[in-house]
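K.L.:
Data: data39.txt, compact mmCIF, C-alpha atoms and all ligand atoms.
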```txt
# COMPACT_ATOMS: atom_id res chain seq x y z
CA MET A 1 69.03 -16.41 -20.04
CA ASN A 2 66.90 -16.56 -16.91
CA ASP A 3 65.86 -12.98 -17.42
CA GLU A 4 63.37 -13.16 -14.60
CA LEU A 5 66.05 -13.72 -11.98
CA ARG A 6 67.36 -10.90 -9.80
CA ALA A 7 70.63 -12.70 -9.54
CA ARG A 8 72.00 -16.15 -10.17
CA ALA A 9 74.99 -18.33 -9.51
CA GLU A 10 75.49 -20.32 -12.68
CA ILE A 11 77.23 -23.63 -12.02
CA ASP A 12 78.96 -25.31 -14.93
CA LEU A 13 78.77 -29.04 -14.26
CA GLY A 14 80.80 -29.71 -17.41
CA ALA A 15 83.63 -27.74 -15.79
CA ILE A 16 83.32 -29.87 -12.65
CA ARG A 17 83.54 -33.07 -14.66
CA ALA A 18 86.53 -31.76 -16.61
CA ASN A 19 88.20 -30.64 -13.36
CA VAL A 20 87.78 -34.14 -11.90
CA ARG A 21 89.48 -35.60 -14.96
CA ALA A 22 92.32 -33.06 -14.80
CA LEU A 23 92.84 -33.76 -11.09
CA ARG A 24 92.82 -37.52 -11.61
CA ASP A 25 95.48 -37.09 -14.30
CA ARG A 26 97.56 -35.17 -11.79
CA ALA A 27 97.35 -37.90 -9.18
CA PRO A 28 97.34 -41.02 -11.35
CA GLY A 29 98.29 -43.43 -8.57
CA ALA A 30 95.54 -42.34 -6.19
CA GLU A 31 91.78 -42.39 -6.07
CA LEU A 32 89.98 -39.05 -5.95
CA MET A 33 87.66 -37.86 -3.20
CA ALA A 34 85.33 -35.04 -4.22
CA VAL A 35 84.92 -32.89 -1.11
CA VAL A 36 81.32 -31.66 -1.24
CA LYS A 37 80.94 -30.28 2.29
CA SER A 38 79.23 -26.91 2.83
CA ASP A 39 76.88 -27.55 -0.09
CA ALA A 40 79.88 -28.24 -2.34
CA TYR A 41 81.54 -24.97 -1.37
CA GLY A 42 78.33 -23.17 -2.31
CA HIS A 43 77.96 -24.92 -5.69
CA GLY A 44 75.21 -27.37 -4.62
CA ALA A 45 76.15 -30.71 -3.05
CA LEU A 46 73.97 -33.09 -5.00
CA PRO A 47 74.52 -31.92 -8.60
CA CYS A 48 78.24 -31.54 -7.94
CA ALA A 49 78.47 -34.95 -6.27
CA ARG A 50 76.73 -36.53 -9.25
CA ALA A 51 78.99 -34.72 -11.74
CA ALA A 52 82.09 -35.74 -9.78
CA ARG A 53 80.99 -39.38 -9.59
CA ALA A 54 80.23 -39.38 -13.33
CA ALA A 55 83.78 -38.20 -14.03
CA GLY A 56 85.36 -40.88 -11.86
CA ALA A 57 85.51 -39.63 -8.27
CA ALA A 58 85.54 -42.90 -6.30
CA TRP A 59 84.90 -41.12 -2.99
CA LEU A 60 82.87 -38.22 -1.70
CA GLY A 61 83.83 -36.36 1.47
CA THR A 62 81.75 -34.27 3.82
CA ALA A 63 82.36 -32.55 7.13
CA THR A 64 79.11 -33.20 9.00
CA PRO A 65 77.17 -36.47 9.22
CA GLN A 66 74.03 -34.60 8.15
CA GLU A 67 75.72 -33.70 4.87
CA ALA A 68 76.68 -37.35 4.32
CA LEU A 69 73.22 -38.66 5.19
CA ALA A 70 71.59 -36.15 2.83
CA LEU A 71 73.70 -37.54 -0.03
CA ARG A 72 72.60 -41.06 0.86
CA ALA A 73 68.96 -39.96 1.09
CA ALA A 74 69.33 -38.54 -2.43
CA GLY A 75 70.50 -41.90 -3.71
CA ASP A 76 74.29 -41.76 -3.64
CA THR A 77 75.70 -45.23 -2.99
CA GLY A 78 79.47 -44.90 -3.50
CA ARG A 79 82.23 -44.60 -0.92
CA LEU A 80 81.63 -41.60 1.29
CA LEU A 81 83.68 -40.34 4.24
CA CYS A 82 82.41 -37.95 6.88
CA TRP A 83 84.91 -36.50 9.35
CA LEU A 84 83.48 -33.89 11.70
CA TRP A 85 81.95 -35.69 14.67
CA THR A 86 80.82 -34.60 18.10
CA PRO A 87 79.76 -36.86 20.96
CA GLY A 88 76.40 -38.50 20.26
CA GLY A 89 76.93 -39.11 16.58
CA PRO A 90 74.66 -39.89 14.72
CA TRP A 91 77.06 -42.84 14.38
CA ARG A 92 74.46 -45.56 13.98
CA GLU A 93 72.63 -43.80 11.14
CA ALA A 94 75.94 -43.26 9.36
CA ILE A 95 77.09 -46.85 9.82
CA GLU A 96 73.75 -48.18 8.59
CA ALA A 97 73.96 -45.84 5.59
CA ASP A 98 77.39 -47.27 4.66
CA VAL A 99 79.18 -44.02 5.43
CA ASP A 100 82.85 -44.33 6.41
CA VAL A 101 83.28 -42.49 9.70
CA SER A 102 86.34 -40.89 11.27
CA ALA A 103 87.79 -41.16 14.76
CA SER A 104 90.51 -39.05 16.34
CA ALA A 105 90.09 -40.05 19.98
CA GLY A 106 89.10 -42.91 22.27
CA TRP A 107 85.65 -41.46 23.00
CA ALA A 108 84.77 -41.52 19.30
CA LEU A 109 85.99 -45.08 18.88
CA ARG A 110 83.94 -46.19 21.90
CA GLU A 111 80.80 -44.55 20.48
CA ILE A 112 81.44 -46.16 17.07
CA VAL A 113 81.86 -49.60 18.68
CA ALA A 114 78.62 -49.18 20.64
CA ALA A 115 76.71 -48.02 17.54
CA ALA A 116 78.10 -50.85 15.41
CA ARG A 117 77.15 -53.43 18.05
CA ALA A 118 73.64 -51.96 18.29
CA SER A 119 73.16 -52.08 14.54
CA GLY A 120 74.82 -55.44 13.98
CA ARG A 121 76.92 -53.88 11.19
CA THR A 122 80.68 -53.60 10.81
CA ALA A 123 81.61 -49.91 10.97
CA ARG A 124 84.15 -48.59 8.48
CA VAL A 125 86.50 -46.24 10.28
CA HIS A 126 89.27 -43.86 9.25
CA LEU A 127 91.67 -43.01 12.07
CA LYS A 128 92.84 -39.42 11.88
CA ALA A 129 96.29 -38.38 13.05
CA ASP A 130 97.20 -34.83 13.99
CA THR A 131 100.56 -34.60 12.23
CA GLY A 132 100.99 -30.92 13.01
CA LEU A 133 97.88 -29.01 11.95
CA GLY A 134 96.87 -28.63 15.58
CA ARG A 135 93.16 -28.81 14.77
CA GLY A 136 91.38 -32.20 14.60
CA GLY A 137 93.20 -35.52 14.74
CA CYS A 138 94.86 -37.69 17.34
CA PRO A 139 98.15 -36.28 18.65
CA PRO A 140 101.27 -38.47 18.29
CA HIS A 141 101.44 -39.28 22.02
CA ASP A 142 97.94 -40.87 21.94
CA TRP A 143 98.21 -42.50 18.51
CA ALA A 144 99.53 -45.94 19.58
CA GLU A 145 96.70 -46.26 22.10
CA LEU A 146 94.02 -45.27 19.55
CA VAL A 147 95.49 -47.71 17.03
CA ALA A 148 95.55 -50.54 19.61
CA ALA A 149 91.94 -49.93 20.60
CA ALA A 150 90.88 -49.91 16.94
CA ARG A 151 92.81 -53.10 16.24
CA ALA A 152 91.14 -54.84 19.20
CA ALA A 153 87.68 -53.82 17.96
CA GLU A 154 88.64 -54.92 14.47
CA ALA A 155 89.69 -58.35 15.76
CA GLU A 156 86.27 -58.61 17.37
CA GLY A 157 84.66 -57.87 13.97
CA VAL A 158 82.79 -54.81 15.13
CA LEU A 159 84.69 -52.38 12.92
CA ARG A 160 87.19 -52.32 10.11
CA VAL A 161 89.87 -49.64 9.86
CA THR A 162 89.49 -48.68 6.22
CA GLY A 163 91.55 -45.50 6.31
CA LEU A 164 94.43 -43.72 8.02
CA TRP A 165 94.60 -40.03 7.36
CA SER A 166 95.71 -36.55 8.25
CA HIS A 167 95.43 -32.96 7.03
CA PHE A 168 98.03 -30.30 6.13
CA ALA A 169 98.40 -26.90 7.76
CA CYS A 170 100.38 -25.04 5.07
CA ALA A 171 100.17 -27.00 1.81
CA ASP A 172 99.05 -23.78 0.12
CA GLU A 173 102.51 -22.35 0.82
CA PRO A 174 104.70 -24.68 -1.26
CA GLY A 175 108.08 -25.20 0.41
CA HIS A 176 106.80 -24.39 3.89
CA PRO A 177 108.91 -26.39 6.39
CA SER A 178 105.83 -27.78 8.14
CA ILE A 179 104.92 -29.76 4.99
CA GLY A 180 107.88 -32.15 5.16
CA ALA A 181 107.60 -32.33 8.95
CA GLN A 182 103.94 -33.36 8.71
CA LEU A 183 104.74 -35.99 6.08
CA ASP A 184 107.39 -37.47 8.40
CA VAL A 185 104.93 -37.63 11.31
CA PHE A 186 102.30 -39.20 9.03
CA ARG A 187 104.71 -41.89 7.78
CA SER A 188 105.62 -42.69 11.36
CA ALA A 189 101.91 -42.91 12.31
CA LEU A 190 101.36 -45.28 9.36
CA ALA A 191 104.27 -47.45 10.51
CA THR A 192 102.85 -47.61 14.05
CA ALA A 193 99.48 -48.69 12.66
CA GLU A 194 101.08 -51.27 10.40
CA ARG A 195 103.06 -52.76 13.29
CA ALA A 196 99.81 -53.02 15.26
CA GLY A 197 98.31 -55.05 12.42
CA LEU A 198 96.09 -52.46 10.71
CA ARG A 199 95.77 -52.84 6.93
CA PRO A 200 93.78 -49.82 5.71
CA GLU A 201 92.39 -49.60 2.20
CA VAL A 202 93.40 -45.97 1.87
CA ARG A 203 95.99 -43.68 3.41
CA HIS A 204 95.29 -40.04 2.63
CA MET A 205 96.62 -36.62 3.42
CA ALA A 206 96.44 -34.39 0.34
CA ASN A 207 93.98 -31.53 -0.01
CA SER A 208 93.91 -29.47 -3.24
CA PRO A 209 97.24 -27.66 -2.81
CA ALA A 210 99.05 -30.91 -1.96
CA LEU A 211 97.29 -32.68 -4.82
CA LEU A 212 98.46 -29.97 -7.22
CA THR A 213 102.02 -29.47 -5.98
CA LEU A 214 103.18 -32.42 -3.86
CA PRO A 215 103.07 -35.87 -5.49
CA GLU A 216 104.71 -37.55 -2.47
CA ALA A 217 101.62 -36.63 -0.46
CA HIS A 218 99.18 -38.41 -2.76
CA PHE A 219 99.31 -41.84 -1.06
CA ASP A 220 96.19 -43.87 -2.02
CA LEU A 221 93.58 -41.11 -2.09
CA VAL A 222 93.55 -37.34 -2.64
CA ARG A 223 90.83 -35.09 -1.20
CA SER A 224 89.92 -32.37 -3.63
CA GLY A 225 87.70 -29.49 -2.57
CA ILE A 226 88.43 -26.07 -4.03
CA SER A 227 90.23 -27.46 -7.10
CA LEU A 228 87.17 -29.55 -7.96
CA TYR A 229 85.31 -26.26 -8.37
CA GLY A 230 88.11 -24.99 -10.61
CA VAL A 231 89.47 -22.42 -8.18
CA SER A 232 93.14 -22.36 -7.20
CA PRO A 233 93.86 -22.79 -3.47
CA GLY A 234 95.76 -19.52 -3.63
CA PRO A 235 98.17 -17.36 -5.60
CA GLU A 236 101.26 -19.13 -4.21
CA VAL A 237 100.02 -22.41 -5.65
CA GLY A 238 99.32 -20.94 -9.09
CA HIS A 239 96.44 -20.00 -11.36
CA SER A 240 93.70 -22.53 -11.93
CA ALA A 241 94.45 -22.48 -15.70
CA ASP A 242 98.05 -23.57 -14.94
CA PHE A 243 96.54 -26.86 -13.79
CA GLY A 244 93.90 -27.15 -16.51
CA LEU A 245 91.12 -26.23 -14.07
CA ARG A 246 88.10 -24.08 -14.92
CA PRO A 247 86.10 -22.17 -12.29
CA ALA A 248 82.59 -23.62 -12.23
CA MET A 249 80.68 -20.73 -10.63
CA THR A 250 79.67 -17.48 -12.31
CA LEU A 251 77.85 -14.99 -10.10
CA ALA A 252 75.77 -12.30 -11.79
CA GLY A 253 72.97 -9.92 -10.95
CA ARG A 254 70.69 -7.79 -13.11
CA LEU A 255 70.89 -4.05 -12.60
CA ALA A 256 67.93 -2.91 -10.53
CA SER A 257 68.30 0.75 -11.36
CA VAL A 258 70.45 3.08 -13.45
CA LYS A 259 70.32 6.84 -12.82
CA ARG A 260 72.15 10.08 -13.39
CA VAL A 261 73.31 12.01 -10.33
CA PRO A 262 75.23 15.25 -9.92
CA GLY A 263 78.80 15.51 -8.63
CA GLY A 264 79.22 15.54 -4.86
CA HIS A 265 76.47 12.97 -4.32
CA GLY A 266 77.05 10.57 -1.40
CA VAL A 267 76.55 6.89 -2.23
CA SER A 268 75.27 4.14 0.08
CA TYR A 269 75.39 3.98 3.89
CA GLY A 270 77.88 6.31 5.52
CA HIS A 271 78.54 8.18 2.27
CA HIS A 272 81.99 6.60 2.00
CA TYR A 273 81.88 7.27 -1.72
CA VAL A 274 81.02 10.67 -3.12
CA THR A 275 80.63 11.10 -6.88
CA PRO A 276 83.56 13.04 -8.28
CA GLY A 277 81.35 14.74 -10.89
CA PRO A 278 78.06 14.21 -12.73
CA THR A 279 77.83 10.48 -13.33
CA THR A 280 75.66 7.42 -13.77
CA LEU A 281 75.08 5.06 -10.83
CA ALA A 282 73.91 1.48 -11.28
CA LEU A 283 72.38 -0.63 -8.55
CA VAL A 284 73.41 -4.29 -8.26
CA PRO A 285 70.79 -6.30 -6.31
CA LEU A 286 73.21 -8.43 -4.29
CA GLY A 287 74.46 -7.71 -0.80
CA TYR A 288 76.07 -9.22 2.25
CA ALA A 289 72.96 -11.34 2.88
CA ASP A 290 73.85 -13.03 -0.39
CA GLY A 291 77.47 -13.51 0.67
CA ILE A 292 78.95 -10.44 -0.98
CA PRO A 293 81.62 -9.45 1.53
CA ARG A 294 81.04 -6.11 3.20
CA HIS A 295 84.84 -5.97 3.44
CA ALA A 296 84.78 -5.47 -0.34
CA SER A 297 83.06 -2.08 0.10
CA GLY A 298 84.94 0.34 -2.13
CA THR A 299 87.09 -2.43 -3.66
CA GLY A 300 85.03 -5.32 -5.16
CA PRO A 301 85.24 -5.58 -8.97
CA VAL A 302 82.19 -6.02 -11.22
CA LEU A 303 81.89 -6.31 -15.01
CA VAL A 304 79.17 -4.03 -16.36
CA GLY A 305 78.91 -3.11 -20.03
CA GLY A 306 82.24 -4.77 -20.85
CA LYS A 307 84.27 -2.82 -18.27
CA TRP A 308 85.42 -3.48 -14.71
CA ARG A 309 83.74 -1.19 -12.19
CA THR A 310 84.35 -1.01 -8.49
CA VAL A 311 81.81 -1.22 -5.67
CA ALA A 312 81.07 2.43 -4.84
CA GLY A 313 80.71 2.90 -1.09
CA ARG A 314 79.40 0.25 1.23
CA VAL A 315 77.99 -3.14 0.37
CA ALA A 316 74.55 -3.22 2.04
CA MET A 317 72.50 -6.25 3.04
CA ASP A 318 70.76 -6.67 -0.33
CA GLN A 319 72.46 -4.32 -2.77
CA PHE A 320 75.44 -2.22 -3.72
CA VAL A 321 76.17 0.52 -6.22
CA VAL A 322 78.72 0.87 -9.01
CA ASP A 323 79.67 4.13 -10.68
CA LEU A 324 79.51 3.84 -14.47
CA GLY A 325 81.13 7.25 -15.00
CA GLY A 326 80.34 8.47 -18.51
CA ASP A 327 78.98 5.10 -19.64
CA THR A 328 75.36 4.12 -19.82
CA ALA A 329 73.48 0.93 -19.04
CA ALA A 330 69.86 -0.06 -18.57
CA ALA A 331 67.98 -1.64 -15.72
CA GLY A 332 68.04 -5.38 -16.36
CA ASP A 333 71.58 -5.42 -17.80
CA ASP A 334 73.94 -7.99 -16.36
CA ALA A 335 76.52 -7.20 -13.71
CA VAL A 336 78.98 -10.10 -13.47
CA LEU A 337 80.78 -10.26 -10.15
CA PHE A 338 82.96 -13.23 -10.90
CA GLY A 339 83.33 -16.22 -13.17
CA PRO A 340 86.03 -18.17 -14.99
CA GLY A 341 87.51 -14.85 -16.15
CA ASP A 342 87.73 -15.61 -19.86
CA ALA A 343 84.93 -13.24 -20.87
CA GLY A 344 86.70 -10.38 -19.14
CA GLU A 345 84.90 -10.78 -15.84
CA PRO A 346 86.69 -10.79 -12.45
CA THR A 347 87.34 -14.11 -10.71
CA ALA A 348 86.58 -15.29 -7.19
CA GLN A 349 90.30 -14.76 -6.51
CA ASP A 350 89.92 -11.08 -7.50
CA TRP A 351 87.12 -10.79 -4.93
CA ALA A 352 89.29 -12.56 -2.37
CA VAL A 353 91.96 -9.91 -2.85
CA ALA A 354 89.34 -7.12 -2.70
CA ALA A 355 87.96 -8.46 0.60
CA SER A 356 91.30 -9.57 2.13
CA THR A 357 90.21 -13.19 2.27
CA ILE A 358 90.57 -16.42 0.28
CA ALA A 359 88.59 -17.53 -2.77
CA TYR A 360 87.24 -20.49 -0.74
CA GLU A 361 85.26 -18.05 1.39
CA ILE A 362 84.00 -16.06 -1.59
CA VAL A 363 82.33 -19.01 -3.34
CA THR A 364 81.25 -20.90 -0.21
CA ARG A 365 79.41 -17.96 1.34
CA ILE A 366 77.17 -17.18 -1.63
CA GLY A 367 73.82 -17.36 0.11
CA THR A 368 70.82 -19.58 -0.38
CA ARG A 369 68.78 -16.61 -1.63
CA VAL A 370 70.81 -16.71 -4.84
CA PRO A 371 69.36 -19.41 -7.14
CA ARG A 372 71.86 -21.91 -8.53
CA VAL A 373 71.36 -22.41 -12.24
CA TYR A 374 73.02 -25.56 -13.57
CA VAL A 375 74.49 -25.68 -17.04
CA GLY A 376 76.64 -28.28 -18.82
CA GLU A 377 74.63 -31.19 -17.49
CA GLY A 378 75.04 -33.25 -20.66
CA ALA A 379 77.76 -35.75 -21.36
CA GLY A 380 81.35 -34.65 -21.85
C1 LIG A 401 89.80 -32.62 6.10
C2 LIG A 401 89.73 -31.92 4.79
N1 LIG A 401 90.20 -32.52 3.70
C3 LIG A 401 90.17 -31.92 2.49
C4 LIG A 401 89.64 -30.67 2.35
C5 LIG A 401 89.63 -30.04 0.99
O1 LIG A 401 90.54 -28.99 0.95
P1 LIG A 401 90.72 -28.17 -0.40
O2 LIG A 401 89.48 -27.41 -0.58
O3 LIG A 401 91.92 -27.32 -0.18
O4 LIG A 401 90.93 -29.19 -1.46
C6 LIG A 401 89.15 -30.00 3.48
C7 LIG A 401 88.62 -28.64 3.36
O5 LIG A 401 88.91 -27.75 4.09
C8 LIG A 401 89.18 -30.65 4.73
O6 LIG A 401 88.70 -30.05 5.83
```
Represent the structure from my file as structure tokens, please.
P.N.:
Amino acid sequence: MNDELRARAEIDLGAIRANVRALRDRAPGAELMAVVKSDAYGHGALPCARAARAAGAAWLGTATPQEALALRAAGDTGRLLCWLWTPGGPWREAIEADVDVSASAGWALREIVAAARASGRTARVHLKADTGLGRGGCPPHDWAELVAAARAAEAEGVLRVTGLWSHFACADEPGHPSIGAQLDVFRSALATAERAGLRPEVRHMANSPALLTLPEAHFDLVRSGISLYGVSPGPEVGHSADFGLRPAMTLAGRLASVKRVPGGHGVSYGHHYVTPGPTTLALVPLGYADGIPRHASGTGPVLVGGKWRTVAGRVAMDQFVVDLGGDTAAAGDDAVLFGPGDAGEPTAQDWAVAASTIAYEIVTRIGTRVPRVYVGEGAG
């Protein structure tokens, strides 16, 4: 398959559709938002958005307005929320493209009101509360004022508050005391908004770990990112298979060289690996420019010839080496870095452990130089 490619990230759209169905079954009282920011965590925003919609995702979610507008330009017409705004917008383009926008502060609301007036459209706005994450969102002491300003603009017909929402800090550590504390602050923020007269269509707080482990956080809408791609949010949450999820991305390269070397031979920059005896070295044509973490030098696992090998020495910009020991292989053979794991290959989580990071970063950082090859596009 695709023998001419140096390397490829194969994306199983059938897995994405099946994951959407499994996630919807897990949150039966809520709608599902497919979070497709950062090019769908490296999987390709448009094909993944289409697959998620086909399997029943009522909403899409992006971070930047550019990501949302690109989906619209490609023909997506469903509900779509975009949450990472900086002064200047582009609010008007988003409002005119029927994108739900998010506001966490008075300045954002004022810019939304001005853009809605200029376009003659009613903006759809989600107000975001900081319930304890300490990142985006309106802090509790400013919430009543933000809500009042939104309600006044709503009464004028210039906007409609369609959503009230927040984001967890530690949902990937089930039982963490901040989880209950954030839920309490969110419920209180909802009550304040209700008293002020806001009647949102959707209240939402759950990301993947909360979707998978915390039904009381589901509210009306759950925002699924990493779980959509079949990857568990982390070992404390569980294995993806425990939730009926299947990793959608398989990353493989074709060996660029295979050669015998004597013992005592230094390998790759800095000679941090030295062959323990006469051996066979294979060259994998993927490097940190492709998103292979340099932190996985000496630790990253790769399936070659049916066995796990380990990155020998440093990961370079475009390539790294594995030591095949007494085994043989040929240039052009496959080296599978990660995949679903059921053909014996490592998973993105194995790479996360090898590079002291999280699986989110492993899949999302696979670079644009690696072609995405889509499979499973048919029905099912
Ligand atoms: C605001 C927001 N909601 C939801 C998500 C999706 O999170 P996850 O990938 O854990 O499902 C993210 C991603 O970081 C996010 O920033």
K.L.:
Of the candidates A:Ala74, A:Leu221, A:Ala193, A:Ile11, which one gets nearest to Pro28 (chain A) if we count all atoms listed in the file?
P.N.:
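Among A:Ala74, A:Leu221, A:Ala193, A:Ile11, it is A:Leu221 that comes nearest to Pro28 (chain A).
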K.L.:
Please identify every residue of chain A that has at least one atom no farther than 9 Å from an atom of ligand LIG 401 (chain A), counting only C-alpha atoms and all ligand atoms, and for each give the shortest atom pair and the distance in Å to one decimal, arranged by chain then increasing number, as a tab-separated table.
P.N.:
```
residue	atom	partner	partner_atom	distance
A:Met33	CA	A:LIG401	C3	8.6
A:Ala34	CA	A:LIG401	C5	8.4
A:Val35	CA	A:LIG401	C5	5.9
A:Val36	CA	A:LIG401	C5	8.8
A:Lys37	CA	A:LIG401	C7	7.9
A:Tyr41	CA	A:LIG401	O2	8.3
A:Gly61	CA	A:LIG401	N1	7.8
A:Thr62	CA	A:LIG401	C8	8.3
A:Ala63	CA	A:LIG401	O6	6.9
A:Trp83	CA	A:LIG401	C1	7.0
A:Leu84	CA	A:LIG401	C1	8.5
A:Gly136	CA	A:LIG401	C1	8.7
A:Trp165	CA	A:LIG401	C1	8.9
A:Ser166	CA	A:LIG401	C1	7.4
A:His167	CA	A:LIG401	C1	5.7
A:Phe168	CA	A:LIG401	N1	8.5
A:Ala171	CA	A:LIG401	O3	8.5
A:Asp172	CA	A:LIG401	O3	8.0
A:Met205	CA	A:LIG401	N1	7.6
A:Ala206	CA	A:LIG401	C3	7.1
A:Asn207	CA	A:LIG401	O4	4.1
A:Ser208	CA	A:LIG401	O4	3.5
A:Pro209	CA	A:LIG401	O3	5.9
A:Ala210	CA	A:LIG401	O3	8.2
A:Leu211	CA	A:LIG401	O4	8.0
A:Val222	CA	A:LIG401	C3	8.2
A:Arg223	CA	A:LIG401	C3	4.9
A:Ser224	CA	A:LIG401	O4	4.0
A:Gly225	CA	A:LIG401	O2	3.4
A:Ile226	CA	A:LIG401	O2	3.8
A:Ser227	CA	A:LIG401	O4	5.9
A:Leu228	CA	A:LIG401	O4	7.5
A:Tyr229	CA	A:LIG401	O2	8.9
A:Ser232	CA	A:LIG401	O3	8.7
A:Pro233	CA	A:LIG401	O3	5.9
A:Tyr360	CA	A:LIG401	O2	7.3
```
K.L.:
So, counting all atoms listed in the file, which residue among A:Asp100, A:Asp327, A:Asp184, A:Glu173 is closest to Gly132 (chain A)?
P.N.:
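That would be A:Asp184, the residue with the smallest distance to Gly132 (chain A).
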K.L.:
Given the choices A:Thr162, A:Glu236, A:Ala22, A:Glu154, which gets closest to Leu80 (chain A) if the distance is worked out from all atoms listed in the file?
P.N.:
A:Thr162
K.L.:
Using all atoms listed in the file, collect all residues at a distance of at most 12 Å from (93.4, -6.5, -2.1) as written in the file, then present them as a list in words.
P.N.:
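Nearby residues: His295, Ala296, Ser297, Gly298, Thr299, Gly300, Pro301, Gln349, Asp350, Trp351, Ala352, Val353, Ala354, Ala355, Ser356, Thr357 and Ile358 of chain A.
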